[in-house]
Each structure stands twice: as C-alpha cells, then as structure tokens.
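Source file coords.cif; content: mmCIF, C-alpha atoms.
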data_target
loop_
_atom_site.label_atom_id
_atom_site.label_comp_id
_atom_site.auth_asym_id
_atom_site.auth_seq_id
_atom_site.Cartn_x
_atom_site.Cartn_y
_atom_site.Cartn_z
CA MET A 1 16.56 -8.24 8.53
CA GLN A 2 16.37 -10.13 5.22
CA ILE A 3 13.53 -7.79 4.25
CA ILE A 4 15.79 -4.73 4.68
CA GLU A 5 18.39 -6.26 2.37
CA ALA A 6 15.66 -7.07 -0.14
CA LEU A 7 14.23 -3.55 -0.03
CA ASN A 8 17.70 -2.06 -0.45
CA TRP A 9 18.32 -4.41 -3.37
CA ARG A 10 15.14 -3.42 -5.21
CA TYR A 11 14.95 -0.29 -7.32
CA ASP A 12 12.64 1.17 -9.92
CA THR A 13 13.81 -0.97 -12.83
CA LYS A 14 13.89 0.89 -16.13
CA ARG A 15 15.15 -1.92 -18.37
CA MET A 16 14.39 -5.61 -17.99
CA ASN A 17 15.93 -8.52 -19.89
CA GLY A 18 12.80 -10.46 -20.80
CA ASN A 19 13.71 -13.51 -18.71
CA LYS A 20 10.71 -15.40 -17.39
CA ILE A 21 9.92 -15.62 -13.69
CA PRO A 22 9.77 -19.26 -12.52
CA THR A 23 6.20 -20.35 -11.81
CA GLU A 24 6.79 -20.94 -8.09
CA LYS A 25 8.13 -17.41 -7.65
CA LEU A 26 5.21 -15.85 -9.51
CA ASP A 27 2.84 -18.00 -7.43
CA CYS A 28 4.43 -16.67 -4.26
CA ILE A 29 4.08 -13.04 -5.36
CA LEU A 30 0.44 -13.47 -6.39
CA GLU A 31 -0.37 -15.37 -3.21
CA ALA A 32 1.17 -12.57 -1.13
CA ILE A 33 -1.08 -10.11 -2.96
CA ARG A 34 -4.06 -12.35 -2.33
CA LEU A 35 -3.29 -12.51 1.39
CA ALA A 36 -3.10 -8.70 1.67
CA PRO A 37 -5.54 -7.37 4.25
CA SER A 38 -8.13 -4.80 3.21
CA ALA A 39 -10.75 -2.72 4.97
CA MET A 40 -13.60 -5.03 6.00
CA GLY A 41 -11.79 -7.75 4.07
CA LEU A 42 -13.58 -6.78 0.87
CA GLN A 43 -10.51 -6.74 -1.44
CA PRO A 44 -12.44 -4.39 -3.75
CA TYR A 45 -10.10 -4.93 -6.69
CA THR A 46 -9.13 -7.47 -9.33
CA ILE A 47 -5.67 -8.03 -10.75
CA ILE A 48 -5.19 -8.67 -14.46
CA VAL A 49 -2.20 -10.91 -15.15
CA ILE A 50 -0.61 -10.34 -18.56
CA GLU A 51 2.21 -12.44 -20.00
CA ASN A 52 1.30 -11.95 -23.64
CA ILE A 53 3.85 -9.81 -25.48
CA GLU A 54 1.31 -8.54 -28.04
CA LEU A 55 -0.87 -7.19 -25.28
CA MET A 56 2.12 -5.64 -23.53
CA LYS A 57 2.94 -3.86 -26.79
CA LYS A 58 -0.57 -2.44 -26.92
CA ILE A 59 -0.26 -1.16 -23.38
CA GLN A 60 3.20 0.40 -23.75
CA PRO A 61 2.12 3.53 -25.68
CA ILE A 62 -0.62 4.11 -23.11
CA ALA A 63 2.03 4.23 -20.36
CA ASN A 64 4.62 6.70 -21.64
CA LEU A 65 6.35 4.04 -23.74
CA GLN A 66 8.13 2.72 -20.68
CA GLN A 67 10.53 0.12 -21.98
CA GLU A 68 10.30 -2.36 -19.15
CA ILE A 69 6.62 -2.99 -19.95
CA THR A 70 7.50 -5.15 -22.97
CA GLU A 71 10.71 -6.43 -21.36
CA ALA A 72 8.89 -7.69 -18.27
CA SER A 73 8.04 -11.30 -17.64
CA VAL A 74 4.59 -10.44 -16.33
CA LEU A 75 2.60 -7.22 -16.26
CA LEU A 76 0.01 -6.86 -13.52
CA VAL A 77 -2.84 -4.37 -13.79
CA PHE A 78 -4.46 -3.54 -10.47
CA ALA A 79 -8.06 -2.56 -11.20
CA SER A 80 -10.64 -1.35 -8.71
CA TRP A 81 -14.24 -2.46 -8.74
CA ASN A 82 -16.01 0.31 -10.65
CA LYS A 83 -18.50 0.43 -7.80
CA ILE A 84 -19.39 -1.27 -4.56
CA THR A 85 -22.72 -3.03 -5.12
CA PRO A 86 -25.08 -4.99 -2.85
CA GLU A 87 -24.21 -8.08 -4.95
CA ARG A 88 -20.50 -7.69 -4.27
CA ILE A 89 -21.17 -7.24 -0.55
CA ASN A 90 -23.45 -10.30 -0.55
CA GLU A 91 -20.80 -12.36 -2.25
CA HIS A 92 -18.30 -11.44 0.42
CA LEU A 93 -20.72 -12.17 3.27
CA LYS A 94 -21.44 -15.59 1.73
CA ARG A 95 -17.69 -16.23 1.57
CA ILE A 96 -17.25 -15.36 5.28
CA SER A 97 -20.19 -17.53 6.25
CA LEU A 98 -18.83 -20.44 4.20
CA VAL A 99 -15.18 -20.23 5.30
CA ARG A 100 -16.03 -19.71 8.96
CA ASP A 101 -19.06 -21.96 8.97
CA MET A 102 -21.25 -19.17 10.33
CA ASN A 103 -24.92 -18.53 9.86
CA GLU A 104 -25.38 -15.43 7.68
CA ASN A 105 -27.76 -13.99 10.28
CA SER A 106 -24.90 -13.78 12.75
CA LEU A 107 -23.14 -11.46 10.29
CA LYS A 108 -25.83 -8.78 10.57
CA LEU A 109 -23.51 -6.18 12.12
CA THR A 110 -20.81 -6.92 9.56
CA ARG A 111 -23.40 -6.48 6.81
CA GLU A 112 -24.58 -3.16 8.21
CA LYS A 113 -21.00 -1.87 8.34
CA MET A 114 -20.33 -2.90 4.75
CA GLU A 115 -23.63 -1.49 3.51
CA MET A 116 -22.60 1.94 4.79
CA LEU A 117 -20.29 1.99 1.79
CA LEU A 118 -23.38 2.14 -0.43
CA ASN A 119 -24.05 5.66 0.89
CA ASN A 120 -20.77 6.93 -0.53
CA THR A 121 -20.43 8.30 -4.04
CA VAL A 122 -18.94 6.05 -6.71
CA GLU A 123 -15.86 8.28 -6.74
CA GLU A 124 -15.39 8.12 -2.97
CA ASN A 125 -15.53 4.33 -3.09
CA PHE A 126 -13.14 4.25 -6.02
CA ILE A 127 -10.55 6.23 -4.06
CA TRP A 128 -11.13 4.04 -1.01
CA SER A 129 -10.69 0.90 -3.13
CA ALA A 130 -7.56 2.27 -4.78
CA LYS A 131 -5.96 2.77 -1.36
CA GLN A 132 -6.63 -0.87 -0.50
CA ALA A 133 -4.98 -1.84 -3.79
CA TYR A 134 -1.87 0.21 -2.93
CA LEU A 135 -1.62 -1.72 0.34
CA ALA A 136 -1.72 -4.99 -1.65
CA LEU A 137 0.84 -3.51 -4.06
CA GLY A 138 3.23 -2.85 -1.17
CA ILE A 139 2.93 -6.46 -0.03
CA GLY A 140 3.36 -7.81 -3.57
CA MET A 141 6.45 -5.68 -4.18
CA THR A 142 7.98 -6.88 -0.92
CA ALA A 143 7.28 -10.50 -1.87
CA ALA A 144 8.91 -9.90 -5.25
CA ALA A 145 12.01 -8.30 -3.68
CA LEU A 146 12.39 -11.24 -1.30
CA GLU A 147 12.22 -13.56 -4.33
CA LYS A 148 14.79 -11.40 -6.14
CA VAL A 149 12.27 -10.43 -8.78
CA ASP A 150 12.42 -6.84 -10.00
CA THR A 151 9.41 -4.54 -10.02
CA THR A 152 8.40 -1.27 -11.59
CA PRO A 153 5.14 0.28 -10.42
CA ILE A 154 3.48 2.74 -12.82
CA ASP A 155 0.71 5.02 -11.63
CA HIS A 156 0.89 7.64 -14.34
CA PHE A 157 -0.74 6.48 -17.59
CA ASN A 158 -3.88 7.03 -19.65
CA ASN A 159 -6.44 5.20 -17.54
CA ALA A 160 -9.31 5.57 -20.01
CA ASP A 161 -7.26 4.08 -22.85
CA LEU A 162 -6.07 1.19 -20.72
CA ASP A 163 -9.61 0.49 -19.53
CA GLU A 164 -10.67 0.30 -23.16
CA VAL A 165 -7.83 -1.99 -24.29
CA LEU A 166 -8.49 -4.39 -21.43
CA GLN A 167 -12.28 -3.99 -21.61
CA LEU A 168 -12.32 -3.18 -17.94
CA LYS A 169 -15.64 -1.33 -18.02
CA GLU A 170 -17.36 -4.47 -19.30
CA ARG A 171 -15.78 -6.35 -16.42
CA GLY A 172 -17.02 -3.81 -13.86
CA LEU A 173 -13.50 -2.56 -13.24
CA ARG A 174 -11.36 0.60 -13.50
CA SER A 175 -7.56 0.62 -13.77
CA ILE A 176 -5.53 1.94 -10.85
CA LEU A 177 -1.91 1.05 -11.53
CA LEU A 178 0.49 -1.23 -13.37
CA LEU A 179 3.28 -3.36 -11.98
CA SER A 180 5.98 -4.78 -14.23
CA LEU A 181 7.61 -7.94 -12.85
CA GLY A 182 10.83 -9.30 -14.31
CA TYR A 183 14.60 -9.12 -14.17
CA ARG A 184 16.87 -6.09 -14.43
CA ASP A 185 19.01 -5.76 -17.55
CA THR A 186 22.29 -4.92 -15.85
CA ALA A 187 23.94 -3.85 -19.11
CA LYS A 188 21.19 -1.60 -20.46
CA ASP A 189 19.74 -0.07 -17.30
CA LEU A 190 21.85 3.02 -16.71
CA THR A 191 19.92 3.87 -13.53
CA ILE A 192 21.24 0.79 -11.71
CA ALA A 193 24.20 2.72 -10.31
CA ASN A 194 21.99 5.43 -8.79
CA LYS A 195 22.11 5.50 -5.02
CA LYS A 196 18.77 5.07 -3.30
CA VAL A 197 17.29 8.37 -2.12
CA ARG A 198 15.00 8.30 0.90
CA ARG A 199 13.88 10.87 3.44
CA GLU A 200 16.12 10.82 6.49
CA ARG A 201 14.82 8.96 9.53
CA GLU A 202 14.66 12.08 11.65
CA LYS A 203 12.48 13.78 9.00
CA LEU A 204 10.22 10.86 8.09
CA PHE A 205 9.46 9.92 11.71
CA ILE A 206 8.33 12.14 14.57
CA THR A 207 8.35 10.62 18.03
CA LEU A 208 5.97 12.14 20.52
CA GLN A 209 7.61 11.82 23.91
CA SER A 210 5.25 13.22 26.48
CA THR A 211 1.63 14.13 26.91
CA ILE A 212 1.49 15.65 30.37
CA GLY A 213 -0.49 18.82 29.79
CA PHE A 214 -0.22 18.00 26.12
CA ASN A 215 0.58 21.14 24.19
CA ALA A 216 2.93 22.54 21.59
CA THR A 217 5.76 23.18 24.01
CA ASN A 218 6.19 19.68 25.32
CA ILE A 219 5.89 17.92 22.01
CA ASN A 220 9.26 17.24 20.55
CA ASN A 221 8.79 19.43 17.49
CA LYS A 222 12.23 18.64 16.20
CA GLY A 223 11.00 15.18 15.34
CA SER A 224 13.39 13.26 17.55
CA ILE A 225 14.56 10.15 15.85
CA THR A 226 13.39 6.73 16.91
CA LEU A 227 15.94 4.57 15.18
CA MET B 1 7.89 -18.75 0.91
CA GLN B 2 8.59 -17.46 4.42
CA ILE B 3 6.52 -14.40 3.53
CA ILE B 4 3.47 -16.55 2.79
CA GLU B 5 3.73 -18.19 6.21
CA ALA B 6 4.08 -14.76 7.80
CA LEU B 7 1.06 -13.36 5.95
CA ASN B 8 -1.01 -16.39 6.93
CA TRP B 9 0.13 -15.98 10.52
CA ARG B 10 -0.89 -12.34 10.75
CA TYR B 11 -4.47 -11.28 11.37
CA ASP B 12 -6.30 -8.15 12.36
CA THR B 13 -5.46 -8.25 16.06
CA LYS B 14 -8.28 -7.07 18.29
CA ARG B 15 -6.60 -7.54 21.67
CA MET B 16 -2.91 -7.07 22.43
CA ASN B 17 -1.06 -7.91 25.64
CA GLY B 18 0.93 -4.72 26.11
CA ASN B 19 4.34 -6.40 25.71
CA LYS B 20 6.99 -4.14 24.24
CA ILE B 21 8.52 -4.75 20.83
CA PRO B 22 12.32 -5.13 21.09
CA THR B 23 14.13 -2.11 19.69
CA GLU B 24 15.79 -4.01 16.84
CA LYS B 25 12.44 -5.32 15.62
CA LEU B 26 10.83 -1.88 15.73
CA ASP B 27 13.88 -0.48 13.92
CA CYS B 28 13.44 -3.08 11.20
CA ILE B 29 9.74 -2.26 10.72
CA LEU B 30 10.38 1.50 10.60
CA GLU B 31 13.32 1.05 8.25
CA ALA B 32 11.15 -1.06 5.91
CA ILE B 33 8.60 1.77 5.88
CA ARG B 34 11.38 4.27 5.16
CA LEU B 35 12.61 2.18 2.23
CA ALA B 36 9.14 2.03 0.65
CA PRO B 37 9.13 3.41 -2.87
CA SER B 38 6.80 6.28 -3.72
CA ALA B 39 5.84 8.13 -6.88
CA MET B 40 8.78 10.34 -7.87
CA GLY B 41 10.41 9.29 -4.61
CA LEU B 42 8.73 12.13 -2.74
CA GLN B 43 7.45 10.11 0.25
CA PRO B 44 4.82 12.81 0.80
CA TYR B 45 3.99 11.69 4.32
CA THR B 46 5.34 11.64 7.86
CA ILE B 47 4.86 8.92 10.44
CA ILE B 48 4.16 9.81 14.04
CA VAL B 49 5.56 7.20 16.45
CA ILE B 50 3.66 6.98 19.73
CA GLU B 51 4.69 4.82 22.68
CA ASN B 52 3.18 6.99 25.38
CA ILE B 53 0.19 5.34 27.05
CA GLU B 54 -1.43 8.67 27.99
CA LEU B 55 -1.44 9.73 24.36
CA MET B 56 -2.78 6.36 23.26
CA LYS B 57 -5.63 6.82 25.75
CA LYS B 58 -6.44 10.19 24.20
CA ILE B 59 -6.54 8.65 20.74
CA GLN B 60 -8.65 5.61 21.62
CA PRO B 61 -12.04 7.41 21.84
CA ILE B 62 -11.30 9.05 18.46
CA ALA B 63 -10.92 5.60 16.90
CA ASN B 64 -14.05 3.72 17.97
CA LEU B 65 -12.54 2.79 21.34
CA GLN B 66 -10.57 -0.01 19.71
CA GLN B 67 -8.96 -1.87 22.60
CA GLU B 68 -5.68 -2.75 20.94
CA ILE B 69 -4.78 0.97 20.66
CA THR B 70 -3.90 1.17 24.36
CA GLU B 71 -2.67 -2.44 24.48
CA ALA B 72 -0.20 -1.91 21.63
CA SER B 73 3.51 -1.44 22.11
CA VAL B 74 3.66 1.31 19.52
CA LEU B 75 1.00 3.23 17.66
CA LEU B 76 1.97 4.67 14.27
CA VAL B 77 0.01 7.50 12.69
CA PHE B 78 0.57 7.85 8.96
CA ALA B 79 -0.02 11.48 8.06
CA SER B 80 0.07 13.02 4.62
CA TRP B 81 1.67 16.35 3.86
CA ASN B 82 -1.27 18.77 3.95
CA LYS B 83 -0.06 20.08 0.61
CA ILE B 84 2.73 19.70 -1.89
CA THR B 85 4.71 22.94 -1.85
CA PRO B 86 7.66 24.26 -3.89
CA GLU B 87 9.70 24.10 -0.67
CA ARG B 88 8.97 20.42 -0.18
CA ILE B 89 9.89 19.72 -3.81
CA ASN B 90 13.09 21.73 -3.47
CA GLU B 91 14.04 19.84 -0.36
CA HIS B 92 13.68 16.55 -2.21
CA LEU B 93 15.67 17.76 -5.21
CA LYS B 94 18.45 18.88 -2.87
CA ARG B 95 18.41 15.44 -1.29
CA ILE B 96 18.76 13.71 -4.69
CA SER B 97 21.56 16.03 -5.72
CA LEU B 98 23.38 15.41 -2.44
CA VAL B 99 22.98 11.60 -2.27
CA ARG B 100 23.82 11.10 -5.94
CA ASP B 101 26.40 13.86 -6.13
CA MET B 102 24.61 15.48 -9.04
CA ASN B 103 24.41 19.08 -10.06
CA GLU B 104 20.89 20.42 -9.41
CA ASN B 105 20.76 21.74 -12.98
CA SER B 106 20.93 18.18 -14.29
CA LEU B 107 17.68 17.50 -12.40
CA LYS B 108 15.71 19.97 -14.50
CA LEU B 109 13.42 17.34 -16.03
CA THR B 110 12.84 15.73 -12.64
CA ARG B 111 11.95 19.15 -11.24
CA GLU B 112 9.49 19.84 -14.06
CA LYS B 113 7.77 16.50 -13.48
CA MET B 114 7.45 17.15 -9.75
CA GLU B 115 6.26 20.69 -10.25
CA MET B 116 3.32 19.39 -12.28
CA LEU B 117 1.91 18.32 -8.91
CA LEU B 118 1.53 22.00 -8.04
CA ASN B 119 -1.20 22.26 -10.69
CA ASN B 120 -3.37 19.75 -8.83
CA THR B 121 -5.85 20.74 -6.15
CA VAL B 122 -4.86 20.25 -2.52
CA GLU B 123 -7.45 17.47 -2.30
CA GLU B 124 -6.11 15.65 -5.37
CA ASN B 125 -2.61 15.72 -3.96
CA PHE B 126 -3.87 14.56 -0.57
CA ILE B 127 -5.49 11.49 -2.16
CA TRP B 128 -2.35 10.85 -4.22
CA SER B 129 -0.19 11.12 -1.10
CA ALA B 130 -2.50 8.85 0.88
CA LYS B 131 -2.09 6.13 -1.77
CA GLN B 132 1.68 6.32 -1.41
CA ALA B 133 1.25 5.96 2.34
CA TYR B 134 -0.86 2.81 1.87
CA LEU B 135 1.97 1.34 -0.20
CA ALA B 136 4.38 2.04 2.68
CA LEU B 137 1.81 0.58 5.09
CA GLY B 138 1.77 -2.67 3.09
CA ILE B 139 5.54 -2.91 3.32
CA GLY B 140 5.57 -2.06 7.03
CA MET B 141 2.89 -4.66 7.82
CA THR B 142 4.84 -7.31 5.90
CA ALA B 143 8.03 -6.42 7.80
CA ALA B 144 6.10 -6.71 11.08
CA ALA B 145 4.64 -10.11 10.14
CA LEU B 146 8.11 -11.39 9.25
CA GLU B 147 9.30 -10.21 12.68
CA LYS B 148 6.28 -11.90 14.31
CA VAL B 149 4.92 -8.56 15.43
CA ASP B 150 1.15 -8.15 15.27
CA THR B 151 -0.52 -5.27 13.47
CA THR B 152 -3.93 -3.66 13.32
CA PRO B 153 -4.48 -1.00 10.68
CA ILE B 154 -7.30 1.47 11.35
CA ASP B 155 -8.58 3.67 8.57
CA HIS B 156 -11.94 4.59 10.05
CA PHE B 157 -11.70 7.26 12.76
CA ASN B 158 -12.39 10.92 13.35
CA ASN B 159 -9.58 12.50 11.32
CA ALA B 160 -10.29 16.07 12.40
CA ASP B 161 -10.15 15.15 16.09
CA LEU B 162 -6.93 13.19 15.67
CA ASP B 163 -5.34 16.04 13.73
CA GLU B 164 -6.19 18.32 16.62
CA VAL B 165 -4.86 16.03 19.37
CA LEU B 166 -1.59 15.53 17.51
CA GLN B 167 -1.44 19.15 16.30
CA LEU B 168 -0.98 17.88 12.77
CA LYS B 169 -2.21 21.05 11.09
CA GLU B 170 0.55 23.02 12.78
CA ARG B 171 3.01 20.47 11.46
CA GLY B 172 1.67 20.77 7.88
CA LEU B 173 0.16 17.28 8.06
CA ARG B 174 -3.21 15.48 7.86
CA SER B 175 -3.91 12.04 9.33
CA ILE B 176 -4.50 9.13 6.97
CA LEU B 177 -4.45 5.97 9.06
CA LEU B 178 -3.30 4.36 12.26
CA LEU B 179 -1.30 1.17 12.74
CA SER B 180 -1.13 -0.57 16.11
CA LEU B 181 2.00 -2.68 16.58
CA GLY B 182 2.27 -5.20 19.39
CA TYR B 183 1.59 -8.76 20.44
CA ARG B 184 -1.68 -10.68 20.32
CA ASP B 185 -3.36 -11.55 23.61
CA THR B 186 -4.11 -15.18 22.89
CA ALA B 187 -6.42 -15.52 25.89
CA LYS B 188 -8.51 -12.40 25.37
CA ASP B 189 -8.69 -12.13 21.57
CA LEU B 190 -11.71 -14.22 20.63
CA THR B 191 -11.16 -13.55 16.91
CA ILE B 192 -7.88 -15.53 16.86
CA ALA B 193 -9.70 -18.73 15.92
CA ASN B 194 -11.40 -17.13 12.89
CA LYS B 195 -10.25 -18.62 9.62
CA LYS B 196 -8.75 -16.14 7.19
CA VAL B 197 -11.21 -15.09 4.48
CA ARG B 198 -9.79 -14.03 1.13
CA ARG B 199 -11.18 -13.84 -2.40
CA GLU B 200 -10.49 -17.05 -4.32
CA ARG B 201 -7.55 -16.99 -6.72
CA GLU B 202 -9.76 -17.50 -9.74
CA LYS B 203 -11.84 -14.47 -8.75
CA LEU B 204 -9.06 -12.14 -7.65
CA PHE B 205 -6.89 -12.76 -10.72
CA ILE B 206 -7.86 -12.67 -14.39
CA THR B 207 -5.29 -14.00 -16.83
CA LEU B 208 -5.51 -12.63 -20.34
CA GLN B 209 -4.33 -15.42 -22.60
CA SER B 210 -4.43 -14.12 -26.13
CA THR B 211 -4.59 -10.90 -28.05
CA ILE B 212 -4.79 -12.01 -31.66
CA GLY B 213 -7.67 -9.92 -32.93
CA PHE B 214 -8.15 -8.84 -29.32
CA ASN B 215 -11.85 -8.77 -28.54
CA ALA B 216 -14.37 -9.95 -26.01
CA THR B 217 -14.64 -13.45 -27.41
CA ASN B 218 -11.02 -14.43 -27.14
CA ILE B 219 -10.41 -13.01 -23.72
CA ASN B 220 -10.79 -15.65 -21.10
CA ASN B 221 -13.74 -14.01 -19.37
CA LYS B 222 -13.97 -16.75 -16.79
CA GLY B 223 -10.80 -15.39 -15.25
CA SER B 224 -8.63 -18.45 -15.69
CA ILE B 225 -6.46 -19.00 -12.70
CA THR B 226 -2.77 -18.43 -12.80
CA LEU B 227 -1.74 -20.23 -9.68
#
Would you mind giving the structure from this file in structure tokens?
Amino acid sequence: MQIIEALNWRYDTKRMNGNKIPTEKLDCILEAIRLAPSAMGLQPYTIIVIENIELMKKIQPIANLQQEITEASVLLVFASWNKITPERINEHLKRISLVRDMNENSLKLTREKMEMLLNNTVEENFIWSAKQAYLALGIGMTAAALEKVDTTPIDHFNNADLDEVLQLKERGLRSILLLSLGYRDTAKDLTIANKKVRREREKLFITLQSTIGFNATNINNKGSITL
Amino acid sequence: MQIIEALNWRYDTKRMNGNKIPTEKLDCILEAIRLAPSAMGLQPYTIIVIENIELMKKIQPIANLQQEITEASVLLVFASWNKITPERINEHLKRISLVRDMNENSLKLTREKMEMLLNNTVEENFIWSAKQAYLALGIGMTAAALEKVDTTPIDHFNNADLDEVLQLKERGLRSILLLSLGYRDTAKDLTIANKKVRREREKLFITLQSTIGFNATNINNKGSITL
C-alpha cells in the first residue's frame, strides 16, 4: 500500500523551492516513463528534458506564468510525433527484430497492424499518440511520488508558442503537456493545506453484478461500491 | 527502484489463469485509480468493474476475442462522461466546498474555469476526458504491477457495441478502454519469453542543454541522453 500513501502525499504543487532532484531519483522517474506500455509498443512521443533556468523562463509566460515552472528542478515536455510515418514504423519493427532476435519477415502481421495507422488522419493519430503519452505521464507521476518528488502537470498552455520556442516542428514533434518535477516550498505554497478532493468510490466505480437476461432492471444502477 | 522492477516484470498478458485477485489487492488498485489527478480535478470518467464471467463472455467478441478477457479476475471498463454538463460541474464544486469546508462563493474563479469546458464541442470534451482516463490507467497499471497483478489494456474494440452491452449511453457514458486484471498463465502464454522492447533512452529523451542565443545550432539535436 506504499503507492496509496505516495498518491495521498502528492498534490498539484503550486510553489517549488528550486532544490535539485538527485540524479538517481530523476533516472528512476525517466526510466519508469520509458518502461510505460503503449499501443503496439510504438511509444509515439518524445520527452524533452529541461533543467536550464533560462529556458524555463522562456516557457513560463507561455504557460499562464505558473510559478513552479521556474522553481522546478526539471521541466519535462511530453511531445507527440507530429505524424506516424512508414519510417517511424520501420524503425520500431527493426527494434523488435533486434531485441527479440527475430527475422523481420516473421513480423509481417505486426507490420500490417501498425501500417493501418497510416490510414488515419494526422489529427486522429495525434490524439491517439497523446493518449499514450498520458498513460506514460501517469506512470512517471507515480514513480515521482514514490521517490517523494513533487509534480505539477500542465495541459493548458499555448501549444503553438511552445512548439516554436522548442523548435518542435523541426524535430517532427508537437507539444502535448508539461510536467514540473521538484520539491514543494512548504512556506510559500498556500495550497498545501487543502484537503484532497476525489470522487467518492461509489460514484467513480460501478459494479455490474449479474447478467442473467442482461437488462436495465438487473444491473445495479446505483453503482454498488466495490471497495 | 521497486517500481522499475515492477514495470520490468509486467508485460501485456495474453493468457491468464482465472485466479482471483485478493480483495485487498483489488482495493489498492482501484484506490490508486481513484487518487489519480485530473485536469481541474473533475475525473470526468467512471469505471465499470466486471467480475461476472457471463458478462466477460459477452464482451470478448466485441474485443477481438482476446482470450485474457474471460480468463481475467476482473475486467475494468474506463468510460468517459458522454458530455460535460453544468450539473456535473456543480456536483464537483459542491464536493470541493464540502471536503474543504469552503463557501461555494469563494469558488467563483474555479467555477468560471470549469465552465469554459461548456464552450467546447462534445467531441473535444470526450477526447479531453479520455486523456485524463489514460493518466488514471497509467497509475492503476503501476499499482497492479507493484501488487504483482497482471494487466492487459485494450484500446482497440467496437466501442458502439460495448456501449450497448453495458448500457453506457443510458448512464451518460462512452467507453474508452478496457483493462484486464488477473494472473499470467505461465504455461499457456507463449509471449512470456519475449524480451521487452522500448525506445532507447537517447531516442526517447532529448535534453536541451543551453539557451544562450537559443537557436538550432546550440540545441543538442542529437538528443543527448540524460540517464
């Protein structure tokens, strides 16, 4: 239950104290993000790691002047591939074949499945990629909480401006979200005392009890609780 | 680094053995999902908890006949609110005011921020909600791995059919993804031996080193590694 303690300990940190995260802790958080699963294993995103204060200062006005951006130890920018290309799919198939010592011909079905993505619009694939990145974000935030590192995710900012500052277009990327990593400033952060607000178990979870002659009347519509 | 071991241990489980997850472990996984942060704290999703084998059997053909669906201990269905409504926003504001013992009038700015969501299209809000659910999924999968419970996320299935079987429309919900929770069948799952394939650190992460006269030439375009 260590994870429950860690998740109760974490909160959306508004002020950080600028202290640096020890290398081994940052390594752990980034490795957790790297190990995140993704649909078809593509990991269709890249994470920009920023520790430079000047760059943080450039990003701050793009993200509602949030104070913890320049008070963080590290700012991560999760950026999606701007599009899924045959080259990116080929690179991934080569990686599978190398790591698993498989002939690429034996990956024909895997290839066909991945290539179906090429039929989607760029926007559809961007949304799909962004969802994968949010999954990785969840894992990275959990890793941080277990390491007692504070986090502030930011998904509301001027994406076009950030893409320009970080030259993401030139890198074949588009920004999705920011994650500040650092340490809470217990004196300055007035939100620390706020109690955590979460939907009640009996509202967030609905347990379906029975399916005999499955219909509206024998579903537990009250959302019986499972915990 | 226990989390790194857990994430290396987990894999996309294709065959499960039907063993039941002890109640305290399932509680822990669901509680981790409940504690997941979300934009503005709205948690704009509901999770259907299914342990009934008959219902699992109905869902299996909707999700490419994946075998672990009926071999799982529990099947979770993450479903987004079908739309963000003033009622749902009000409910959340009431919750904040209650938990934090605050007058609702003092939440005026919070209300205004949330009500901006009402200007979005239903589809925009659905995508936004789905991303929040993926974040919660990442946290839930990490909790499961730490509890040595296997997981298989499924994001490719016939959403309309699943919504009908689970009467999600009537509940004001739309399916996003499935998560099978259970225990690997080490004899039957031939994919167990597959080595984990992940993008290399130096490809997944780009460290920006300098911003003095920030331009293409002094960014480390090679994506210097940070680990």
Given all atoms listed in the file as the counted atoms, nearest of A:Cys28, A:Ala39, A:Ala133, A:Ile4 to B:Thr152: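 Closest to B:Thr152, using all atoms listed in the file: A:Ala39.
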Result set, the PyMOL selection byres ((chain B) within 6 of (chain A)) on current file, as an mmCIF file with C-alpha atoms, in the frame of the given file:
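Saved as result-v7.cif:
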data_model
loop_
_atom_site.group_PDB
_atom_site.id
_atom_site.type_symbol
_atom_site.label_atom_id
_atom_site.label_comp_id
_atom_site.auth_asym_id
_atom_site.auth_seq_id
_atom_site.Cartn_x
_atom_site.Cartn_y
_atom_site.Cartn_z
ATOM 1 C CA ASP B 27 13.880 -0.480 13.920
ATOM 2 C CA THR B 46 5.340 11.640 7.860
ATOM 3 C CA ILE B 47 4.860 8.920 10.440
ATOM 4 C CA ILE B 48 4.160 9.810 14.040
ATOM 5 C CA VAL B 49 5.560 7.200 16.450
ATOM 6 C CA ILE B 50 3.660 6.980 19.730
ATOM 7 C CA LEU B 55 -1.440 9.730 24.360
ATOM 8 C CA ARG B 100 23.820 11.100 -5.940
ATOM 9 C CA LYS B 131 -2.090 6.130 -1.770
ATOM 10 C CA TYR B 134 -0.860 2.810 1.870
ATOM 11 C CA LEU B 135 1.970 1.340 -0.200
ATOM 12 C CA GLY B 138 1.770 -2.670 3.090
ATOM 13 C CA ILE B 139 5.540 -2.910 3.320
ATOM 14 C CA LYS B 195 -10.250 -18.620 9.620
ATOM 15 C CA LEU B 204 -9.060 -12.140 -7.650
ATOM 16 C CA PHE B 205 -6.890 -12.760 -10.720
ATOM 17 C CA ILE B 206 -7.860 -12.670 -14.390
ATOM 18 C CA THR B 207 -5.290 -14.000 -16.830
ATOM 19 C CA LEU B 208 -5.510 -12.630 -20.340
ATOM 20 C CA THR B 211 -4.590 -10.900 -28.050
ATOM 21 C CA LEU B 227 -1.740 -20.230 -9.680
#
Quick one: everything within 12 Å of A:Ile192, counting all atoms listed in the file, minus sequence neighbours fewer than 4 positions away in the same chain. Send it as a VMD selection string. chain A and resid 9 to 16 150 184 to 188 196
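Atom CA of A:Ser73 to atom CA of A:Asp161 spans 22.3 Å [interatomic distance, one decimal].
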Selected residue of minimal separation from A:Lys20 among A:Leu75, A:Val122, A:Ala160, A:Ile59, counting only C-alpha atoms: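 The answer is A:Leu75, which sits nearest to A:Lys20.
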Can you work out the spacing between atom CA of B:Asp163 and atom CA of B:Ile62 in Å, to one decimal?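 These atoms are spaced 10.3 Å apart.
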Counting all atoms listed in the file, which of A:Val149, A:Met102, A:Asn120, A:Leu178 gets nearest to A:Gln66?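 That would be A:Leu178, the residue with the smallest distance to A:Gln66.
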Pick out the closest residue to B:Thr85 from this set: B:Leu173, B:Leu117, B:Leu65, B:Leu107. Count only C-alpha atoms.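 Checking each candidate against B:Thr85, we get B:Leu117 as the closest.
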